[in-house]
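Engineer: My structure is below; once you've seen it, I'll send some questions.
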Amino acid sequence: MQFKHPELLYALFLLLIPILIHLFQLRRFQKVAFTNVAFLKKVSIQTRKSSQLKKWFILLLRLLAIAALVIAFAEPFKASKIALDSNKETIVYLDNSFSMEANGANGTLLNAAVQDLVSQIPLNGKIHWFTNTNTYRNASAQQLKKDLLKLTYSQKQLSANEVLLKAEQIFSDDAVSNKRLIYISDFQQKEEFPELKNTFNVDAVHLKAIREQNIAIDTAYVISSNGNNTALKVRLSAKEIEQKSVSVSLYNGALLSSKVAVDFSQNKSQDILFSLENKEGFKGSITIPDPSLSYDNSLYFSINKPSNLKVLSINTANQDFLQRMFKSEGFIYTSQSANNINYSIIPKQNCIVLNELKNIPTSLINALREFSQKGGSLLIIPANNAELSSYNKLLATLDLGELDQEVFEQRKITRIAFDHPLYLDVFEKRIANFQFPKTNSFYTIISKSPAILAFEDAKPFLLGTNNSYIATAAFNKITNNFSSSPLIVPTLYNIARQSLQTPKLYYTIDTPVSFAVGVALAQDEILNIRDSIVNFIPLQQTKANKVIISTTENPIKSGTFTIENGERFIKNISYNYSRDEGKSIYVDAKTWKGVTVHKNITSLFDAIANENKITDFWKWFALLALLFLIAEMLVLKFYRK
């Protein structure tokens with residue numbers, strides 16, 4: 001028991017006064033003569049004893065009354081150490097990720113948590129709180145309730161370690177203050193729980209969904225395209241086997257293009273194939289009706305009208321294989337003789353092929369170096385008996401290494417770097433029994449660049465870095481049969497396409513994104529990305545004939561956006577939320593060592609209230625004082641012996 005005014009307890013010394021008065025009374029008995037002295041003497045002894053007992057009893061009651069009154073004025077109470085700590089800091093973390101849209105006993109987990117917080121947060125004082133996207137410091141209870149009611153879902157989800165680090169940043173540096181983090185989440189699995197420090201306490205509320213069912217559109221990708229028609233495969237998944245069919249709708253802009261039904265009664269994963277006519281591009285969206293998590297019910301994608309790539313070949317040898325490859329839709333092919341080069345058109349190209357030049361003049365080396373630095377793609381095919389010194393001057397500027405000597409041996413090209421960007425989407429599986437091309441001679445090369453195609457002994461046939469590539473043998477039919485191999489098509493096509501990394505089918509929000517737009521901008525012109533609501537200027541790097549765009553934080557909502565130069569439309573680009581939130585894999589907060597776990601927010605605040613409860617006893621002592629005084633009055637009135 002503790003006292004609010006312990007200094008008043010010194011008044012207990014006043015109890016000595018009535019004790020002294022009773023012990024040293026000045027009044028004395030007087031002897032009076034009377035007949036039958038023996039009888040009166042006996043009566044006198046009995047009266048004196050009875051009177052003495054009464055006085056001691058009254059003294060005790062008075063002492064108790066005074067003591068109870070003094071203690072009452074000192075205001076005794078009982079409280080825990082936390083309740084007595086006047087320097088308390090509380091931070092609330094509320095998980096507002098998409099997984100909190102799952103239905104609990106009282107609606108969605110997030111809405112139920114918001115309603116509980118609004119009803120439980122005390123009206124006095126200020127509080128710090130944060131979500132996956134926002135931080136609020138020293139928020140009043142009234143402002144906190146307003147912000148909570150406006151809270152929306154976010155695709156971003158902080159891990160437990162990130163939440164602890166964020167809370168540590170918000171807490172003050174006061175080492176003696178009592179710090180508490182209230183952690184409200186469904187605890188979807190991202191990583192193992194971190195070890196807690198002793199700097200603050202953590203109270204967790206583990207919110208749980210009634211049912212973890214969810215149907216999601218996982219991904220979409222192109223499996224074939226022949227110019228005007230594209231075959232699009234869409235993958236859907238269900239958390240559980242569903243005894244019902246789900247309708248899947250495909251839109252081109254606002255126009256319904258196709259609609260199919262998908263049955264999940266036998267398999268939790270289903271693939272759908274759509275055929276798209278995209279002569280002028282396709283602004284696509286795929287939707288499903290699912291009452292569980294709604295964020296993964298839509299997937300946006302864009303197929304833009306292909307841009308024509310400008311390819312220039314500078315030739316000494318036969319160029320038939322280049323003409324067959326690049327004189328097709330999607331390319332603007334130009335051919336020049338090595339003896340008559342028009343240097344003015346080099347900066348306007350996307351890709352340049354040096355086709356078996358015997359030597360490379362210095363003027364061309366300088367032009368190609370500047371072309372490569374501005375993002376152009378370059379393929380060097382050496383000639384037989386080439387002047388290696390001129391080649392090595394160019395290779396040195398491109399950081400491709402150095403040609404050593406020409407070797408006249410027959411070798412097979414058997415090693416393919418399947419994971420290299422040139423072949424990333426070319427092969428459905430890694431081939432072992434391929435009809436590999438062969439060469440009769442090749443150059444050895446000293447280079448740090450990775451080999452893309454190589455011989456049996458791992459010596460490179462094709463290598464490259466930073467959009468610049470070199471073959472170690474000529475492509476003519478006398479030297480090798482590579483120009484008639486199936487490998488020639490994806491190799492040349494993707495080398496040309498590397499110069500312009502056009503937007504993919506779609507990107508994921510909140511991840512680093514980089515792509516190129518084939519447009520030439522004036523000095524003060526910039527590109528912006530927009531839809532009907534959002535308009536932002538992305539990070540962009542202007543090259544001679546393209547603009548490299550990078551996005552990370554924007555946009556924050558899924559959808560299809562337009563890339564514009566002022567009012568001029570350039571391309572469409574689509575962004576979607578990450579599908580990780582729909583996996584519904586959770587960890588039990590009770591396994592987190594050192595954390596106090598509560599069933600719900602109400603029980604949490606009840607526990608906090610009990611910890612901070614202060615029990616006062618002064619009323620009981622005042623009542624005791626009154627009872628002792630009443631007892632004294634009753635003794636004086638009725639005890640007359």
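A note on labels: chains of the structure tokens are A, B, ... as shown, every chain counts residues from 1, and ligands are counted from 1 in their shown order.
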For Ile223 (chain A), list every protein, DNA or RNA residue within 7 Å, evaluated using only C-alpha atoms, and leave out those in the same chain fewer than 3 positions away; present the list as a list in words.

Structural biologist: Ala231, Leu232 and Lys233 of chain A

Engineer: Identify, with DSSP run on backbone atoms, the residues in region 242-442 of chain A assigned to strand (DSSP E), and express the list as a PyMOL selection string.

Structural biologist: chain A and resi 245-252+255-263+269-277+282-287+298-303+309-315+331-337+351-355+377-381+402-407+411-416+438-439+442

Engineer: Compile the contact shell of Met633 (chain A) as a ChimeraX atom specification: residues with an atom at most 12 Å away, counting only C-alpha atoms, same-chain residues fewer than 6 positions apart removed.

Structural biologist: /A:57-58,61-62,65,626-627,639

Engineer: Selection from above, C-alpha atoms, as an mmCIF file, in the first residue's frame, can you write it?

Structural biologist:
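Now in out08.cif:
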data_model
loop_
_atom_site.group_PDB
_atom_site.id
_atom_site.type_symbol
_atom_site.label_atom_id
_atom_site.label_comp_id
_atom_site.auth_asym_id
_atom_site.auth_seq_id
_atom_site.Cartn_x
_atom_site.Cartn_y
_atom_site.Cartn_z
ATOM 1 C CA PHE A 57 -11.794 0.742 25.645
ATOM 2 C CA ILE A 58 -12.784 4.340 24.874
ATOM 3 C CA LEU A 61 -11.646 3.522 19.947
ATOM 4 C CA ARG A 62 -10.464 7.139 19.912
ATOM 5 C CA ALA A 65 -10.648 6.744 14.881
ATOM 6 C CA LEU A 626 -16.719 7.117 11.468
ATOM 7 C CA LEU A 627 -17.488 3.608 12.726
ATOM 8 C CA TYR A 639 -21.848 1.005 29.098
#

Engineer: Work out how far apart CA of Phe187 (chain A) and CA of Thr133 (chain A) are and give it in Å to one decimal.

Structural biologist: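 Straight-line distance from CA of Phe187 (chain A) to CA of Thr133 (chain A) works out to 16.8 Å.
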
Engineer: For Asp510 (chain A), find every residue with an atom within 10 Å (counting only C-alpha atoms), except residues of its own chain fewer than 6 positions away, and show them as a PyMOL selection string.

Structural biologist: chain A and resi 155-156+551-557+575-578

Engineer: Export, as a PDB file, in the first residue's frame, the selected residues with N, CA and C atoms.

Structural biologist:
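Output contents, as saved in part26.pdb:
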ATOM      1  N   GLN A 155      -1.182  -2.447 -50.799  1.00  0.00           N
ATOM      2  CA  GLN A 155      -0.486  -3.671 -51.203  1.00  0.00           C
ATOM      3  C   GLN A 155       0.810  -3.854 -50.426  1.00  0.00           C
ATOM      4  N   LYS A 156       1.276  -2.786 -49.792  1.00  0.00           N
ATOM      5  CA  LYS A 156       2.524  -2.880 -49.030  1.00  0.00           C
ATOM      6  C   LYS A 156       2.255  -3.535 -47.677  1.00  0.00           C
ATOM      7  N   THR A 551      10.437   3.646 -62.943  1.00  0.00           N
ATOM      8  CA  THR A 551       9.430   3.921 -61.915  1.00  0.00           C
ATOM      9  C   THR A 551       9.656   2.987 -60.737  1.00  0.00           C
ATOM     10  N   THR A 552       9.346   3.479 -59.531  1.00  0.00           N
ATOM     11  CA  THR A 552       9.436   2.645 -58.329  1.00  0.00           C
ATOM     12  C   THR A 552       8.234   2.879 -57.427  1.00  0.00           C
ATOM     13  N   GLU A 553       8.089   4.104 -56.932  1.00  0.00           N
ATOM     14  CA  GLU A 553       7.031   4.415 -55.969  1.00  0.00           C
ATOM     15  C   GLU A 553       5.691   4.695 -56.640  1.00  0.00           C
ATOM     16  N   ASN A 554       5.711   5.173 -57.847  1.00  0.00           N
ATOM     17  CA  ASN A 554       4.475   5.454 -58.584  1.00  0.00           C
ATOM     18  C   ASN A 554       4.352   4.499 -59.755  1.00  0.00           C
ATOM     19  N   PRO A 555       3.088   4.166 -60.102  1.00  0.00           N
ATOM     20  CA  PRO A 555       1.833   4.528 -59.447  1.00  0.00           C
ATOM     21  C   PRO A 555       1.591   3.680 -58.200  1.00  0.00           C
ATOM     22  N   ILE A 556       0.602   4.079 -57.402  1.00  0.00           N
ATOM     23  CA  ILE A 556       0.292   3.345 -56.178  1.00  0.00           C
ATOM     24  C   ILE A 556      -0.967   2.492 -56.333  1.00  0.00           C
ATOM     25  N   LYS A 557      -1.689   2.665 -57.455  1.00  0.00           N
ATOM     26  CA  LYS A 557      -2.884   1.866 -57.703  1.00  0.00           C
ATOM     27  C   LYS A 557      -2.740   1.147 -59.031  1.00  0.00           C
ATOM     28  N   TYR A 575       0.107  -1.657 -64.714  1.00  0.00           N
ATOM     29  CA  TYR A 575       0.682  -2.027 -63.414  1.00  0.00           C
ATOM     30  C   TYR A 575      -0.360  -2.826 -62.633  1.00  0.00           C
ATOM     31  N   ASN A 576       0.114  -3.856 -61.924  1.00  0.00           N
ATOM     32  CA  ASN A 576      -0.764  -4.670 -61.084  1.00  0.00           C
ATOM     33  C   ASN A 576      -0.163  -4.834 -59.697  1.00  0.00           C
ATOM     34  N   TYR A 577      -1.038  -5.127 -58.724  1.00  0.00           N
ATOM     35  CA  TYR A 577      -0.577  -5.416 -57.369  1.00  0.00           C
ATOM     36  C   TYR A 577       0.119  -6.778 -57.335  1.00  0.00           C
ATOM     37  N   SER A 578       1.062  -6.905 -56.430  1.00  0.00           N
ATOM     38  CA  SER A 578       1.692  -8.202 -56.203  1.00  0.00           C
ATOM     39  C   SER A 578       0.650  -9.194 -55.701  1.00  0.00           C
TER      40      SER A 578
END
